[in-house]
Protein chains: 4
Amino acid sequence: MEEQQISRMIYNGLITLQHRGQESAGIATLNGNDMHMERKMGLVSRCFSENSLSALKGNTGIGHVRYSTTGSSCVSNIQPFKVSHPMRGIAFAHNGNLVNYVDLKGVVSGKGRQIETTCDAELITHLLSDHLMSSNDIESSLVDVMSRVEGSYSAGMMTGEGDLVAFRDPNGFKPLCYGKNCDTCMFASESVAMDINGIDGVSDVNPGEMVILHKDGDMEKKQMVKPDRKHCMFEWVYFSRVDSVIGGRSVYNVRKKLGENLAKNFTSEADVVIPVPDTARPAAQGISDETGIPLAEGLIKNKYIYRTFIMPVQKTRDISVRMKLNPIKSVIKDKHVLLVDDSIVRGTTSRNIISMLKRAGARKVDFWVTCPPIISPCFYGIDISRHSELIAANHTIPEIKREIGVEKLCYQTIDGLVDAVGLKKSYICMACLTGEYPTPMAQKISDRMKTQKTLGKRYWEMES
Amino acid sequence: MEEQQISRMIYNGLITLQHRGQESAGIATLNGNDMHMERKMGLVSRCFSENSLSALKGNTGIGHVRYSTTGSSCVSNIQPFKVSHPMRGIAFAHNGNLVNYVDLKGVVSGKGRQIETTCDAELITHLLSDHLMSSNDIESSLVDVMSRVEGSYSAGMMTGEGDLVAFRDPNGFKPLCYGKNCDTCMFASESVAMDINGIDGVSDVNPGEMVILHKDGDMEKKQMVKPDRKHCMFEWVYFSRVDSVIGGRSVYNVRKKLGENLAKNFTSEADVVIPVPDTARPAAQGISDETGIPLAEGLIKNKYIYRTFIMPVQKTRDISVRMKLNPIKSVIKDKHVLLVDDSIVRGTTSRNIISMLKRAGARKVDFWVTCPPIISPCFYGIDISRHSELIAANHTIPEIKREIGVEKLCYQTIDGLVDAVGLKKSYICMACLTGEYPTPMAQKISDRMKTQKTLGKRYWEMES
Amino acid sequence: MEEQQISRMIYNGLITLQHRGQESAGIATLNGNDMHMERKMGLVSRCFSENSLSALKGNTGIGHVRYSTTGSSCVSNIQPFKVSHPMRGIAFAHNGNLVNYVDLKGVVSGKGRQIETTCDAELITHLLSDHLMSSNDIESSLVDVMSRVEGSYSAGMMTGEGDLVAFRDPNGFKPLCYGKNCDTCMFASESVAMDINGIDGVSDVNPGEMVILHKDGDMEKKQMVKPDRKHCMFEWVYFSRVDSVIGGRSVYNVRKKLGENLAKNFTSEADVVIPVPDTARPAAQGISDETGIPLAEGLIKNKYIYRTFIMPVQKTRDISVRMKLNPIKSVIKDKHVLLVDDSIVRGTTSRNIISMLKRAGARKVDFWVTCPPIISPCFYGIDISRHSELIAANHTIPEIKREIGVEKLCYQTIDGLVDAVGLKKSYICMACLTGEYPTPMAQKISDRMKTQKTLGKRYWEMES
Amino acid sequence: MEEQQISRMIYNGLITLQHRGQESAGIATLNGNDMHMERKMGLVSRCFSENSLSALKGNTGIGHVRYSTTGSSCVSNIQPFKVSHPMRGIAFAHNGNLVNYVDLKGVVSGKGRQIETTCDAELITHLLSDHLMSSNDIESSLVDVMSRVEGSYSAGMMTGEGDLVAFRDPNGFKPLCYGKNCDTCMFASESVAMDINGIDGVSDVNPGEMVILHKDGDMEKKQMVKPDRKHCMFEWVYFSRVDSVIGGRSVYNVRKKLGENLAKNFTSEADVVIPVPDTARPAAQGISDETGIPLAEGLIKNKYIYRTFIMPVQKTRDISVRMKLNPIKSVIKDKHVLLVDDSIVRGTTSRNIISMLKRAGARKVDFWVTCPPIISPCFYGIDISRHSELIAANHTIPEIKREIGVEKLCYQTIDGLVDAVGLKKSYICMACLTGEYPTPMAQKISDRMKTQKTLGKRYWEMES
């Protein structure tokens with residue numbers, strides 16, 4: 001392969017993973033012993049140009065798109081994060097969220113290190129490089145990190161000496177996979193990043209596993225600590241792209257099955273099934289196939305307004321909800337509509353959509369939700385932040401029905417969800433549905449939050 | 001209504017009409033006798049900010065998004081176009097394309113006027129303001145313009161004296177409608193711009209008609225010249241938003257009907273119907289309903305890459321084709337696929353998509369196209385520029401099948417199209433399908449182009 | 001000459017005239033019948049690049065630097081101002097200030113013209129082009145403008161037909177000169193613009209005169225109205241560059257003579273003469289030559305902070321006074337200093353400088369001022385805006401001495417000033433020194449301002 | 001003092017030191033344990049805004065303006081340079097140039113550190129922080145650095161623990177001083193930075209000395225290595241501001257004395273003494289005082305074109321020479337002129353100025369130069385880069401006279417220079433005047449350059 005191409009493959013991959021983070025993007029490459037890096041606020045297509053990609057020389061590199069749950073939105077928080085030693089420099093990026101951030105910050109700070117950002121990635125980089133300075137051994141350093149950190153981290157690290165290291169927390173909350181061609185090996189959160197680059201043969205980096213791609217192209221895999229699989233169910237339900245394969249399961253198939261499972265548990269006399277685009281479309285198809293009720297595209301997304309769930313500020317969220325969807329009246333008018341969506345978080349979006357259908361002439365609206373009720377916050381990287389914001393944490397089903405203005409409301413069951421995902425129940429993290437957390441500090445914080453209601457954005461910082 | 005709100009309503013409208021032009025955007029408002037204007041290159045959401053919208057004071061205004069077929073991509077070509085007299089200033093914007101641009105340029109230049117842009121809108125503004133300076137009469141000035149200009153123009157004009165004037169060429173190639181609330185009247189290319197602003201009661205500005213909204217809120221309608229309806233069929237087939245109502249016909253319904261009509265004329269033994277998203281989705285639904293072959297979302301659009309048809313440069317077009325779609329292998333593998341798309345222009349996109357399906361494991365691909373073969377260029381504003389670029393202008397169906405690599409290829413019939421649109425055949429412009437143009441110079445240019453093959457981009461400039 | 005060079009000559013000229021306006025800059029050129037224009041906020045060197053100058057094609061052009069006394073600081077107010085007809089477009093720029101702006105605005109507005117800026121230049125352009133549209137005669141149009149406008153305007157106008165027209169108000173308040181080479185003719189406010197371009201033979205455009213440079217290179221001069229010379233004395237005292245020749249008088253020589261004349265009228269026992277750099281340096285030299293007291297550079301200007309008098313906002317003015325000068329203690333310590341400056345406006349700057357000298361160890365400070373006391377506002381383009389801001393308008397010499405903290409204070413006499421300038425007394429505008437204005441509305445406004453004390457920035461707008 | 005003020009004091013200081021580097025500027029501050037940093041390309045006034053200074057919180061900080069002799073002009077090379085450990089982070093900035101850069105780069109690289117910039121400051125920071133990591137002792141780390149580095153470095157370092165450390169190379173090539181108020185201590189290259197901030201009592205950091213300002217405000221001074229004073233004579237002759245006191249000697253006084261010493265050694269029959277502004281003005285005054293020939297400002301600087309010596313690219317240098325000066329003809333015409341300038345480097349500027357005087361009518365030109373002939377390159381930070389560019393290295397006085405077109409040419413003598421500076425001859429670095437270098441590698445490179453004539457910009461990189 002030609003020298004300058006890796007930055008373009010990374011760029012293509014980031015474009016396909018844009019839905020995982022729209023705040024900022026970065027790419028670091030290694031050319032000989034020189035690291036090149038470009039990091040900017042904004043969408044991938046605006047962060048990089050023909051020129052900046054050409055300047056990112058070399059045939060090894062890592063990239064990142066950021067979606068902030070921890071840390072503020074500013075330039076210094078953009079990943080990859082870089083230190084200039086040891087190993088002739090380390091560039092690091094991850095997807096995830098550290099539960100014991102405050103404790104770890106104390107540890108790093110105590111080692112005489114300046115903490116420059118409010119970003120998880122910096123802490124992991126400091127822990128790693130500190131251990132590497134004394135040990136000069138990647139393996140033991142990763143074991144050390146895995147023993148200290150509680151939380152999710154699907155991570156990639158590149159050293160100035162030419163090694164590329166991917167590793168994943170023992171719970172494997174977030175996805176991490178890799179594929180290999182004759183001459184190229186690629187790691188990514190989702191398989192779509194390989195698809196766009198024409199790379200096949202996708203497998204997972206296992207929870208607690210490390211995969212090193214050495215400078216000479218040799219790949220080395222090693223299980224570092226015992227895995228305790230807890231894959232985030234929300235990746236299939238909402239977060240991942242529908243054309244990805246996550247944990248070996250096609251997201252499209254899981255979503256279609258979620259619809260079919262709803263149709264097995266509930267009935268509707270609706271005239272038409274209408275999905276909230278785009279996430280709920282496969283489930284609506286599944287429902288239509290199962291029930292025989294015809295599917296129609298009754299809600300149209302304004303494609304020039306971006307996905308609402310991902311934006312940090314409340315006010316922006318409200319405006320974009322109002323602007324993102326438009327009903328097709330000819331499809332809705334005088335119809336009994338079966339509306340399908342992936343989830344209800346605060347209930348605001350659902351209420352707005354339902355009221356939109358009613359104004360467009362819907363006679364009656366049934367509402368089927370492909371995810372069970374969300375009742376507890378997530379500390380592993382999904383922006384579901386506190387009980388008081390979760391409508392299902394504080395209301396009964398009849399109350400929610402009234403609140404969002406719907407005639408009939410059917411939630412997926414936990415069993416229906418597990419069946420659709422197709423993995424053992426114990427392999428799936430459903431903490432936000434059950435309030436039972438797979439890691440101790442997360443449980444502790446959640447319990448405390450229930451009693452102390454007035455907490456700031458990064459409430460778990462108070463734990464120290 | 002509060003003073004400053006009109007700019008926000010125009011902004012919302014432009015967001016919904018973004019698909020009609022992504023090159024640049026502009027808004028002009030009138031506050032007392034002061035005109036305010038903001039015009040920038042780029043998407044609407046990047047052209048305007050909270051601050052710039054606040055600075056656009058007043059409760060009368062016009063806005064525009066530009067999609068260049070005539071004129072280069074530069075700041076000076078952004079509409080609205082403004083002159084400072086007569087009538088205390090005129091701001092003008094239109095959707096369309098002038099066929100006799102070069103002749104008109106000579107006329108305007110001969111009147112001692114500096115032509116500053118390469119944009120149609122400037123010529124119309126000069127013609128209008130020149131006539132207005134001597135006549136001071138809007139009506140006779142519009143009749144004069146309509147008698148001189150050949151081509152499409154759905155236009156809006158605001159005067160510094162407070163009148164808002166909408167008018168449409170006698171053929172009504174491009175859509176133009178309006179709606180009215182208790183206190184607000186809005187004109188727009190498509191009804192979605194009213195939907196987002198909560199304005200109902202949408203009607204069309206008729207071909208050859210003028211509608212004036214006077215300063216005091218009175219509305220005056222007048223047929224200026226005899227209409228000769230020739231609505232562009234491509235608005236329903238591809239260009240307009242699926243949730244718009246164009247010429248009184250729901251775009252969604254027309255597209256669904258296009259699918260049903262295909263299914264009435266052709267048969268397929270496919271296992272699954274897969275639309276090219278997003279345009280072909282309703283047609284695919286229509287086909288699925290009519291044939292019983294299940295529908296599946298087998299091709300997923302990368303939403304962070306914009307629509308390809310609209311970008312000016314060839315090279316950009318190729319890159320974005322490769323990046324815009326991803327197949328879901330689990331849906332496609334070992335299947336006989338019935339692929340549905342809205343049209344084939346050059347054939348390149350179709351060939352790429354079909355080859356993508358084959359690589360994803362499709363056993364066999366039938367390809368149904370909701371629009372009949374495009375064989376002749378458009379001079380009225382759709383970027384279909386010359387015979388040599390149109391695969392159907394130079395190839396037989398078997399040749400096209402071979403070219404794009406498909407087992408079976410079925411085009412919509414002219415009658416199937418007319419039936420789906422639901423208007424009289426003579427009311428629909430199908431020049432690009434038949435080579436018969438409703439206006440004389442267009443016919444002349446097309447005939448000449450067939451013989452003289454090597455023409456530059458704005459070939460019709462050579463007519464003078 | 002090569003086609004593209006005129007923009008570079010204009011650029012060079014603007015660089016040398018930067019002191020006349022630092023707010024914005026613009027250049028318009030004519031290439032065939034096409035006008036090119038570039039206008040930006042900021043210093044000339046930042047407004048234009050290699051590329052933008054190359055894009056300004058053609059061998060005819062006009063340029064401008066803006067120093068706002070009338071009109072707000074914004075992009076639309078940058079000159080040249082352009083209209084697209086008659087004469088295939090007109091680009092216009094001037095230096096000056098219209099006293100009867102409000103009256104003229106009413107006239108222009110009454111002709112159905114939209115006033116887009118708050119800039120004098122637009123009004124003159126509208127008056128001119130309106131008259132030109134009916135008369136098509138430049139000469140009678142200029143006579144018409146000169147009869148309507150009260151105020152200062154040294155102006156340049158370029159038509160799309162290729163004529164370049166320079167003209168100057170009948171009083172000739174502001175300078176305007178021209179020079180001619182074998183192949184190039186240039187008009188400019190000051191002769192330095194010719195110097196940098198290697199153009200010799202500089203003469204003045206006379207007050208009330210028009211000079212047309214025709215497309216074919218022929219030059220035509222014509223006295224339009226009877227002149228009533230009233231050259232602004234401040235051009236020699238402070239505003240023009242010391243290396244310019246204004247009205248046939250070397251600014252350097254005038255300033256040196258101002259010093260000599262002070263030395264003829266007053267005595268000092270000082271040890272050292274110290275000028276406030278850079279304006280007062282020649283006068284200080286004149287004083288030193290005449291008195292025998294040695295000159296020293298005791299105050300050093302921080303060259304990276306720009307001239308203070310020219311900045312619009314009060315607050316900025318104060319900060320920059322504090323930062324612009326630094327004393328050399330070794331020169332000042334224990335010395336009796338004779339400080340020389342060009343003028344005292346509000347007194348603040350003088351007080352700060354004197355206090356700086358005292359802190360640096362000056363035993364005693366005499367202060368000689370090369371300009372007589374300023375007691376009345378200027379309406380012709382110098383930013384001396386109201387009586388209440390002028391220390392000499394409200395205080396006796398002893399009061400001013402106390403206010404600025406100086407032992408001895410000597411102002412130039414009116415006769416000393418007239419003698420140094422070297423023109424007939426009646427040829428010099430000294431309204432700010434005498435309160436007697438050469439034009440009627442200026443006198444009327446000044447009289448009214450004395451009684452009505454609370455007036456806004458553009459107080460004369462209230463005259464209508 | 002209020003928390004946020006230190007960034008403003010640093011900003012003010014940088015403004016006064018702008019002449020020392022116009023390429024880029026940076027400020028780092030410490031607030032508690034958080035370091036804030038802002039670094040940009042361009043002039044100080046454009047690098048920082050009200051907002052960015054407010055964001056630089058804390059009452060400890062360092063700032064820098066960059067003038068590149070080593071390293072390319074890019075963002076990553078802007079100082080301060082920062083590492084995140086040890087000592088909770090270190091920010092470092094210096095003025096100087098490392099002679100053994102290439103050797104040191106090998107050392108640092110061998111320690112497993114990624115070298116990110118092409119900037120001296122990074123190497124020193126790495127050497128320091130590497131030693132500090134093992135020793136945790138600032139003093140021994142500085143001794144180590146001083147023993148390894150050959151070259152000039154007047155340096156400031158701030159640790160995340162709150163210490164501010166200033167130190168200077170044992171030769172003290174570049175100036176470094178400090179001043180102290182009741183509550184503020186400031187280090188800077190020149191005393192003007194204290195003047196603007198109202199800080200008195202300026203002393204020098206001695207060559208080979210370290211001064212620590214501890215977090216609690218205590219100051220500790222320590223001589224680290226034996227000094228071997230070699231102050232760069234060019235600081236007084238040209239580089240420093242005329243209002244600075246360098247090494248205890250007023251720059252103004254030294255320059256005036258340089259003029260007086262010329263007048264003691266040479267005679268002239270000129271009518272007028274004209275300095276090349278601004279540097280030569282005090283010397284011209286000294287000559288005028290000593291000879292009785294009157295002084296006049298015959299050359300006027302265009303203040304909107306920046307100092308020419310400091311710009312990196314040859315081409316820019318030529319354009320700006322042509323644009324920076326304008327003669328006052330009335331002062332020069334028919335006169336025998338005694339021109340005074342500080343130095344002749346390549347001779348181009350001198351030739352241009354003299355030809356300008358002749359064109360302005362000078363009858364005859366004598367040229368007195370306050371600095372002796374420059375015959376050898378500087379490796380300690382002045383941009384005099386190779387023998388072939390130095391006119392005096394390759395030409396006799398008569399040849400130079402002919403080359404620059406002057407009737408009489410008088411250079412300062414070495415003794416005249418030493419006398420004017422007022423320090424022991426052995427304390428002054430005059431390597432560029434004698435070819436004898438105070439440090440071994442500089443001597444070696446210079447010797448080699450004389451024989452190998454074709455060397456690139458950073459020729460000494462070839463030493464390894």
# chains A, B, ... in the order shown; residues from 1 in each chain; ligands from 1
>>> residues_around(residues="D:Asn95", least_positions_apart="6", cutoff="10 Å", atoms="only C-alpha atoms", output="JSON, numbers by chain")
{"D": [20, 21, 64, 65, 66, 67, 79, 120, 121, 152, 153, 154, 155, 156, 168, 173, 174, 175, 176, 189, 380, 381]}
>>> closest_atom_pairs(of="chain A", to="chain B", cutoff="9 Å", atoms="only C-alpha atoms", output="Markdown table")
| residue | atom | partner | partner_atom | distance |
| --- | --- | --- | --- | --- |
| A:Asn12 | CA | B:Met323 | CA | 7.8 |
| A:Ile15 | CA | B:Tyr304 | CA | 6.8 |
| A:Thr16 | CA | B:Asn302 | CA | 6.5 |
| A:Gln18 | CA | B:Tyr304 | CA | 7.2 |
| A:His19 | CA | B:Tyr304 | CA | 8.4 |
| A:Leu43 | CA | B:Tyr304 | CA | 8.5 |
| A:Val44 | CA | B:Tyr304 | CA | 8.7 |
| A:Ser45 | CA | B:Tyr304 | CA | 8.0 |
| A:Val192 | CA | B:Asn326 | CA | 7.7 |
| A:Asp195 | CA | B:Asn326 | CA | 7.4 |
| A:Ile196 | CA | B:Met323 | CA | 6.8 |
| A:Arg241 | CA | B:Ile300 | CA | 8.9 |
| A:Val242 | CA | B:Ile300 | CA | 7.6 |
| A:Asp243 | CA | B:Ile328 | CA | 5.1 |
| A:Ser244 | CA | B:Ile328 | CA | 7.8 |
| A:Ser250 | CA | B:Ser330 | CA | 7.2 |
| A:Tyr252 | CA | B:Ile328 | CA | 7.7 |
| A:Asn253 | CA | B:Ser330 | CA | 7.7 |
| A:Arg281 | CA | B:Glu297 | CA | 8.4 |
| A:Pro282 | CA | B:Glu297 | CA | 7.4 |
| A:Gln285 | CA | B:Ala296 | CA | 7.7 |
| A:Asp289 | CA | B:Pro294 | CA | 8.1 |
| A:Pro294 | CA | B:Asp289 | CA | 8.1 |
| A:Leu295 | CA | B:Gln285 | CA | 8.0 |
| A:Ala296 | CA | B:Gln285 | CA | 7.7 |
| A:Glu297 | CA | B:Pro282 | CA | 7.4 |
| A:Gly298 | CA | B:Asp243 | CA | 8.4 |
| A:Leu299 | CA | B:Asp243 | CA | 8.2 |
| A:Ile300 | CA | B:Asp243 | CA | 6.6 |
| A:Asn302 | CA | B:Thr16 | CA | 6.5 |
| A:Lys303 | CA | B:Lys303 | CA | 7.7 |
| A:Tyr304 | CA | B:Ile15 | CA | 6.9 |
| A:Ile305 | CA | B:Ile15 | CA | 8.0 |
| A:Arg322 | CA | B:Ile196 | CA | 8.3 |
| A:Met323 | CA | B:Ile196 | CA | 6.9 |
| A:Leu325 | CA | B:Ile196 | CA | 8.8 |
| A:Asn326 | CA | B:Asp243 | CA | 7.1 |
| A:Pro327 | CA | B:Asp243 | CA | 6.9 |
| A:Ile328 | CA | B:Asp243 | CA | 5.2 |
| A:Lys329 | CA | B:Asp243 | CA | 8.2 |
| A:Ser330 | CA | B:Ser250 | CA | 7.3 |
| A:Val331 | CA | B:Asn253 | CA | 8.4 |
>>> residues_around(residues="C:Glu269", least_positions_apart="5", cutoff="9 Å", atoms="only C-alpha atoms", output="VMD selection string")
chain C and resid 293 336 to 338 366
>>> select_by_dssp(residues="stretch 183-322 of chain A", states="strand (DSSP E)", output="MDAnalysis selection string")
chainID A and resid 185:188 203:204 209:213 219:223 231:232 245:246 249:250 272:275 299:301
>>> write_last_selection(atoms="C-alpha atoms", output="mmCIF file, in the first residue's frame")
data_model
loop_
_atom_site.group_PDB
_atom_site.id
_atom_site.type_symbol
_atom_site.label_atom_id
_atom_site.label_comp_id
_atom_site.auth_asym_id
_atom_site.auth_seq_id
_atom_site.Cartn_x
_atom_site.Cartn_y
_atom_site.Cartn_z
ATOM 1 C CA CYS A 185 -5.504 -4.815 9.526
ATOM 2 C CA MET A 186 -8.137 -2.543 11.020
ATOM 3 C CA PHE A 187 -9.753 -2.231 14.458
ATOM 4 C CA ALA A 188 -13.024 -0.384 14.956
ATOM 5 C CA SER A 203 -14.026 -10.784 14.548
ATOM 6 C CA ASP A 204 -14.359 -9.293 18.014
ATOM 7 C CA GLU A 209 -8.287 -9.252 25.635
ATOM 8 C CA MET A 210 -5.373 -7.397 24.056
ATOM 9 C CA VAL A 211 -4.502 -7.601 20.356
ATOM 10 C CA ILE A 212 -1.128 -6.225 19.267
ATOM 11 C CA LEU A 213 -0.319 -5.519 15.657
ATOM 12 C CA MET A 219 -0.565 -9.979 15.101
ATOM 13 C CA GLU A 220 -0.483 -11.218 18.695
ATOM 14 C CA LYS A 221 -3.613 -11.933 20.774
ATOM 15 C CA LYS A 222 -3.680 -12.453 24.495
ATOM 16 C CA GLN A 223 -6.397 -12.718 27.122
ATOM 17 C CA HIS A 231 -22.532 -6.152 26.416
ATOM 18 C CA CYS A 232 -24.599 -2.980 26.371
ATOM 19 C CA VAL A 245 -22.699 -6.685 13.152
ATOM 20 C CA ILE A 246 -22.185 -6.278 16.921
ATOM 21 C CA ARG A 249 -25.309 -10.382 15.836
ATOM 22 C CA SER A 250 -26.622 -8.352 12.896
ATOM 23 C CA VAL A 272 -51.095 1.188 9.589
ATOM 24 C CA VAL A 273 -47.688 0.652 11.215
ATOM 25 C CA ILE A 274 -45.537 3.781 11.232
ATOM 26 C CA PRO A 275 -41.939 3.719 12.456
ATOM 27 C CA LEU A 299 -43.048 10.363 9.446
ATOM 28 C CA ILE A 300 -40.271 11.903 7.398
ATOM 29 C CA LYS A 301 -36.992 12.954 8.843
#
>>> residues_around(residues="stretch 48-62 of chain A", least_positions_apart="6", cutoff="6 Å", atoms="only C-alpha atoms", output="list in words")
Glu3, Gln4, Ile6, Ser7, Ile27, Ala28, Thr29, Leu30, Asn31 and His36 of chain A
>>> closest_residue(among="A:Phe167, A:Tyr411, A:Phe92, A:Tyr178", to="A:Leu258", atoms="only C-alpha atoms")
A:Tyr411
>>> atom_distance(atom1="atom CA of D:Thr279", atom2="atom CA of D:Cys177")
22.1 Å
>>> select_by_dssp(residues="stretch 278-421 of chain C", states="helix (DSSP H, G or I)", output="NGL selection string")
:C and (281-291 or 314-324 or 329-332 or 348-359 or 387-389 or 391-394 or 397-404 or 414-421)
>>> decode(residues="stretch 356-374 of chain D", atoms="C-alpha atoms", output="short mmCIF file (atom, residue, chain, number, x, y, z; two decimals), in the first residue's frame")
data_model
loop_
_atom_site.label_atom_id
_atom_site.label_comp_id
_atom_site.auth_asym_id
_atom_site.auth_seq_id
_atom_site.Cartn_x
_atom_site.Cartn_y
_atom_site.Cartn_z
CA MET D 356 16.61 56.76 -2.98
CA LEU D 357 18.52 59.75 -1.59
CA LYS D 358 20.20 60.36 -4.94
CA ARG D 359 16.87 60.25 -6.79
CA ALA D 360 15.54 62.74 -4.24
CA GLY D 361 18.27 65.15 -5.30
CA ALA D 362 21.13 64.54 -2.83
CA ARG D 363 24.29 66.06 -4.29
CA LYS D 364 26.63 63.72 -2.45
CA VAL D 365 26.20 61.00 0.21
CA ASP D 366 28.58 60.08 3.04
CA PHE D 367 27.59 56.90 4.86
CA TRP D 368 28.52 56.29 8.49
CA VAL D 369 27.79 52.92 10.04
CA THR D 370 27.58 52.55 13.81
CA CYS D 371 28.60 48.88 13.77
CA PRO D 372 31.95 47.56 12.48
CA PRO D 373 31.94 45.31 9.38
CA ILE D 374 30.03 42.03 9.83
#
